[in-house]
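Chemist: This is the structure, below, for whatever I ask next.
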Amino acid sequence: MLSRWSGDDPATQTVLLLLLPFASYLIAEHFGFSGILAAVAAGMTITRSGIIRQAPLAMRLRANSVWQMLEFVFNGMVFLMLGLQLPSILETSIVQANADQNVSIWILLMDVGMIYIALLAVRFGWLYVMQRFSLRLLKKSPLEFSNYSLRELFVATFAGVRGAVTLAGVLSIPLFMVNGDAFPARYELVFLATGVIMFSLIAGVVILPLLLRGMPGMDHSENARELRTARAVMAKVAIDSLYKMEERLAKDSEENIDPDLLKEVSSRVSGNLRRRIDGKDDPERVLFAENLERRFRLTALRSERAEVYHMRATQQISNESMQKLLRDLDLLEALLIEKEE
């Protein structure tokens, strides 16, 4: 659908993808529902629907970069808005709490603590129940935290800030109702949402170091082993597909490919893939060979980049050709650097 609306331009496709949550917000607000929740639901739907996965390569590269940048910016904006509005929120809440005989500032503070404790209880209860469920009924494909100890469950419970979406929701509540009256208890809602976020920050800073004290550092060897196993399985499937493609091309009279050339290209591609399978038996040697090859490739890429700039400086190529060559080199270098990390 995005391709039909925007053609093959990845920038236009990415913009249309970004506009989907805004469209869901406007539609929900038009029918009297929560636009904030509709936008959040739209974002989750985009993530899980496979739109990015099924999109063309150029759009996937552009969209992933844009989403990562926006995620970082918006997460920072939440705390920036919180910091800018916190003094006025506290001042307004104290003034209105003193003016309202039914509400006390101490009651609001107690409510913040009770809400935070309830959130921790729900989070820990959910993790514990799902861990038991995974160990009993999902033995073949257990959940990621199924092997967590009780202490690690507590760490997962206290990690993270609560209330960011809630804060966005309460800040979207209008100051006045349709008839001109002030929205009832708006300051209380804003105070509670802000208090939960601040409380979670303070509690995390104090409690998490105590929970993490004495715990062993993250073991990356298990993750590396998992990656090697996954790459070996992927390589085996890829080699099988190459054999089938080679047989199909050899029998295809329309292609009319030289058998020796077909065999040479197929062997060259499958040779790199077969090295992944061999890496399961001798990972240290294969890892050393991959690092050595990566160093050679990075040296060649950087020399190519310098030559591209030289050819542009001497007017041998146009600026458009230079940009395309540099983009190809950047993609290859990014892949090699990512593997190195």
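Each chain in the structure tokens gets a letter, A, B and so on, in the order shown; residues start at 1 in every chain, and ligands are counted from 1 in the order they appear.
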From a DSSP pass on the backbone, collect the residues of range 98-278 of chain A flagged as helix (DSSP H, G or I) and hand them back as an NGL selection string.

Modeler: :A and (98-99 or 105-137 or 150-158 or 164-171 or 186-212 or 220-251 or 259-278)

Chemist: Could you save the residues just selected, with C-alpha atoms, as a tab-separated table (two decimals), in the first residue's frame?

Modeler:
```tsv
chain	number	residue	atom	x	y	z
A	98	ASN	CA	-4.26	23.97	50.17
A	99	ALA	CA	-7.35	25.56	48.61
A	105	ILE	CA	-0.53	17.29	49.91
A	106	TRP	CA	0.44	14.44	52.22
A	107	ILE	CA	-2.44	12.36	50.88
A	108	LEU	CA	-1.18	12.97	47.34
A	109	LEU	CA	2.34	11.92	48.34
A	110	MET	CA	0.98	8.77	49.96
A	111	ASP	CA	-1.01	8.06	46.80
A	112	VAL	CA	2.16	8.34	44.74
A	113	GLY	CA	3.90	5.81	46.97
A	114	MET	CA	0.94	3.44	46.94
A	115	ILE	CA	0.65	3.61	43.14
A	116	TYR	CA	4.37	2.93	42.76
A	117	ILE	CA	4.21	-0.03	45.13
A	118	ALA	CA	1.19	-1.37	43.26
A	119	LEU	CA	3.07	-1.05	39.96
A	120	LEU	CA	6.05	-2.93	41.39
A	121	ALA	CA	3.76	-5.66	42.74
A	122	VAL	CA	1.99	-6.06	39.41
A	123	ARG	CA	5.27	-6.12	37.48
A	124	PHE	CA	6.93	-8.64	39.81
A	125	GLY	CA	3.77	-10.76	39.93
A	126	TRP	CA	3.54	-10.80	36.15
A	127	LEU	CA	7.21	-11.76	35.75
A	128	TYR	CA	6.94	-14.48	38.38
A	129	VAL	CA	3.72	-15.98	37.00
A	130	MET	CA	4.99	-15.91	33.41
A	131	GLN	CA	8.28	-17.49	34.53
A	132	ARG	CA	6.39	-20.37	36.18
A	133	PHE	CA	4.17	-20.66	33.12
A	134	SER	CA	7.19	-20.75	30.82
A	135	LEU	CA	9.00	-23.42	32.85
A	136	ARG	CA	5.94	-25.66	32.99
A	137	LEU	CA	4.29	-25.25	29.59
A	150	LEU	CA	14.51	-14.34	42.36
A	151	ARG	CA	17.09	-11.58	42.73
A	152	GLU	CA	17.19	-11.01	38.98
A	153	LEU	CA	13.40	-10.78	38.93
A	154	PHE	CA	13.61	-8.03	41.53
A	155	VAL	CA	16.20	-6.24	39.36
A	156	ALA	CA	13.86	-6.45	36.35
A	157	THR	CA	11.04	-5.17	38.54
A	158	PHE	CA	12.86	-2.02	39.66
A	164	ALA	CA	5.82	8.15	30.75
A	165	VAL	CA	2.76	7.26	28.68
A	166	THR	CA	0.54	8.23	31.63
A	167	LEU	CA	2.24	11.62	31.85
A	168	ALA	CA	1.66	12.20	28.14
A	169	GLY	CA	-1.97	11.26	28.66
A	170	VAL	CA	-2.64	13.55	31.63
A	171	LEU	CA	-0.85	16.48	30.02
A	186	ARG	CA	-6.62	17.68	36.67
A	187	TYR	CA	-3.82	18.90	38.92
A	188	GLU	CA	-4.14	15.75	41.04
A	189	LEU	CA	-3.72	13.52	37.98
A	190	VAL	CA	-0.70	15.47	36.75
A	191	PHE	CA	0.84	15.43	40.23
A	192	LEU	CA	0.34	11.66	40.61
A	193	ALA	CA	1.80	10.87	37.16
A	194	THR	CA	4.79	13.15	37.77
A	195	GLY	CA	5.29	11.77	41.26
A	196	VAL	CA	5.35	8.16	40.04
A	197	ILE	CA	8.02	8.99	37.45
A	198	MET	CA	10.16	10.87	39.96
A	199	PHE	CA	9.68	8.17	42.58
A	200	SER	CA	10.71	5.45	40.12
A	201	LEU	CA	13.85	7.41	39.22
A	202	ILE	CA	14.87	7.91	42.85
A	203	ALA	CA	14.00	4.34	43.88
A	204	GLY	CA	15.95	2.95	40.95
A	205	VAL	CA	19.04	4.99	41.76
A	206	VAL	CA	18.95	3.86	45.39
A	207	ILE	CA	17.75	0.24	45.19
A	208	LEU	CA	19.26	-1.06	41.94
A	209	PRO	CA	22.91	-0.65	43.07
A	210	LEU	CA	22.05	-2.62	46.22
A	211	LEU	CA	20.42	-5.40	44.20
A	212	LEU	CA	23.25	-5.51	41.67
A	220	HIS	CA	28.63	-12.33	26.49
A	221	SER	CA	29.90	-15.82	25.70
A	222	GLU	CA	26.39	-17.29	25.74
A	223	ASN	CA	25.15	-14.65	23.34
A	224	ALA	CA	28.15	-15.20	21.07
A	225	ARG	CA	27.48	-18.94	21.10
A	226	GLU	CA	23.85	-18.33	20.23
A	227	LEU	CA	24.86	-16.09	17.32
A	228	ARG	CA	27.31	-18.68	15.99
A	229	THR	CA	24.66	-21.39	16.15
A	230	ALA	CA	22.07	-19.21	14.42
A	231	ARG	CA	24.52	-18.20	11.68
A	232	ALA	CA	25.47	-21.83	11.12
A	233	VAL	CA	21.82	-22.82	10.69
A	234	MET	CA	21.24	-19.87	8.37
A	235	ALA	CA	24.33	-20.81	6.34
A	236	LYS	CA	23.16	-24.41	5.95
A	237	VAL	CA	19.78	-23.27	4.63
A	238	ALA	CA	21.49	-20.76	2.32
A	239	ILE	CA	23.86	-23.41	0.91
A	240	ASP	CA	20.93	-25.72	0.18
A	241	SER	CA	19.18	-22.91	-1.69
A	242	LEU	CA	22.38	-22.24	-3.67
A	243	TYR	CA	22.59	-25.87	-4.76
A	244	LYS	CA	18.98	-25.76	-5.93
A	245	MET	CA	19.59	-22.50	-7.78
A	246	GLU	CA	22.71	-23.92	-9.42
A	247	GLU	CA	20.81	-26.98	-10.62
A	248	ARG	CA	17.96	-24.82	-11.91
A	249	LEU	CA	20.28	-22.48	-13.81
A	250	ALA	CA	22.25	-25.41	-15.26
A	251	LYS	CA	19.05	-26.89	-16.71
A	259	PRO	CA	28.88	-24.40	-16.48
A	260	ASP	CA	32.41	-23.58	-15.30
A	261	LEU	CA	31.45	-19.99	-14.49
A	262	LEU	CA	28.30	-21.16	-12.72
A	263	LYS	CA	30.30	-23.61	-10.63
A	264	GLU	CA	32.95	-21.01	-9.80
A	265	VAL	CA	30.46	-18.39	-8.61
A	266	SER	CA	28.42	-20.92	-6.63
A	267	SER	CA	31.54	-22.31	-4.94
A	268	ARG	CA	32.77	-18.83	-4.10
A	269	VAL	CA	29.52	-17.88	-2.38
A	270	SER	CA	29.00	-21.20	-0.64
A	271	GLY	CA	32.61	-21.20	0.57
A	272	ASN	CA	32.02	-18.13	2.75
A	273	LEU	CA	28.81	-19.67	4.07
A	274	ARG	CA	30.45	-23.01	4.79
A	275	ARG	CA	32.99	-21.27	6.99
A	276	ARG	CA	30.15	-20.33	9.35
A	277	ILE	CA	29.22	-24.01	9.71
A	278	ASP	CA	32.83	-24.97	10.41
```

Chemist: Excluding range 8-22 of chain A and its own-chain neighbours fewer than 4 positions away, which residues fall within 9 Å of it when counting only C-alpha atoms? Please give them as a list in words.

Modeler: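 The filter keeps Leu2, Ser3, Arg4, Leu26, Ile27, Gly35, Ala38, Ala39, Val40, Ala41, Ala42, Gly43, Ile46, Pro56, Leu57, Ala58, Met59, Arg60, Leu61, Arg62, Ala63, Val66 and Trp67 of chain A.
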
Chemist: Go ahead and compute the interatomic distance for CA of Arg305 in chain A and CA of Leu329 in chain A, in Å to one decimal.

Modeler: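 Interatomic distance here is 7.1 Å.
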
Chemist: Would you mind reading off the distance between CA of Arg294 in chain A and CA of Ser65 in chain A, one decimal, in Å?

Modeler: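 Taking CA of Arg294 in chain A as the start and CA of Ser65 in chain A as the end point, the length is 24.0 Å.
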
Chemist: Provide the CA of His310 in chain A to CA of Leu298 in chain A distance in Å, to one decimal place.

Modeler: 18.4 Å
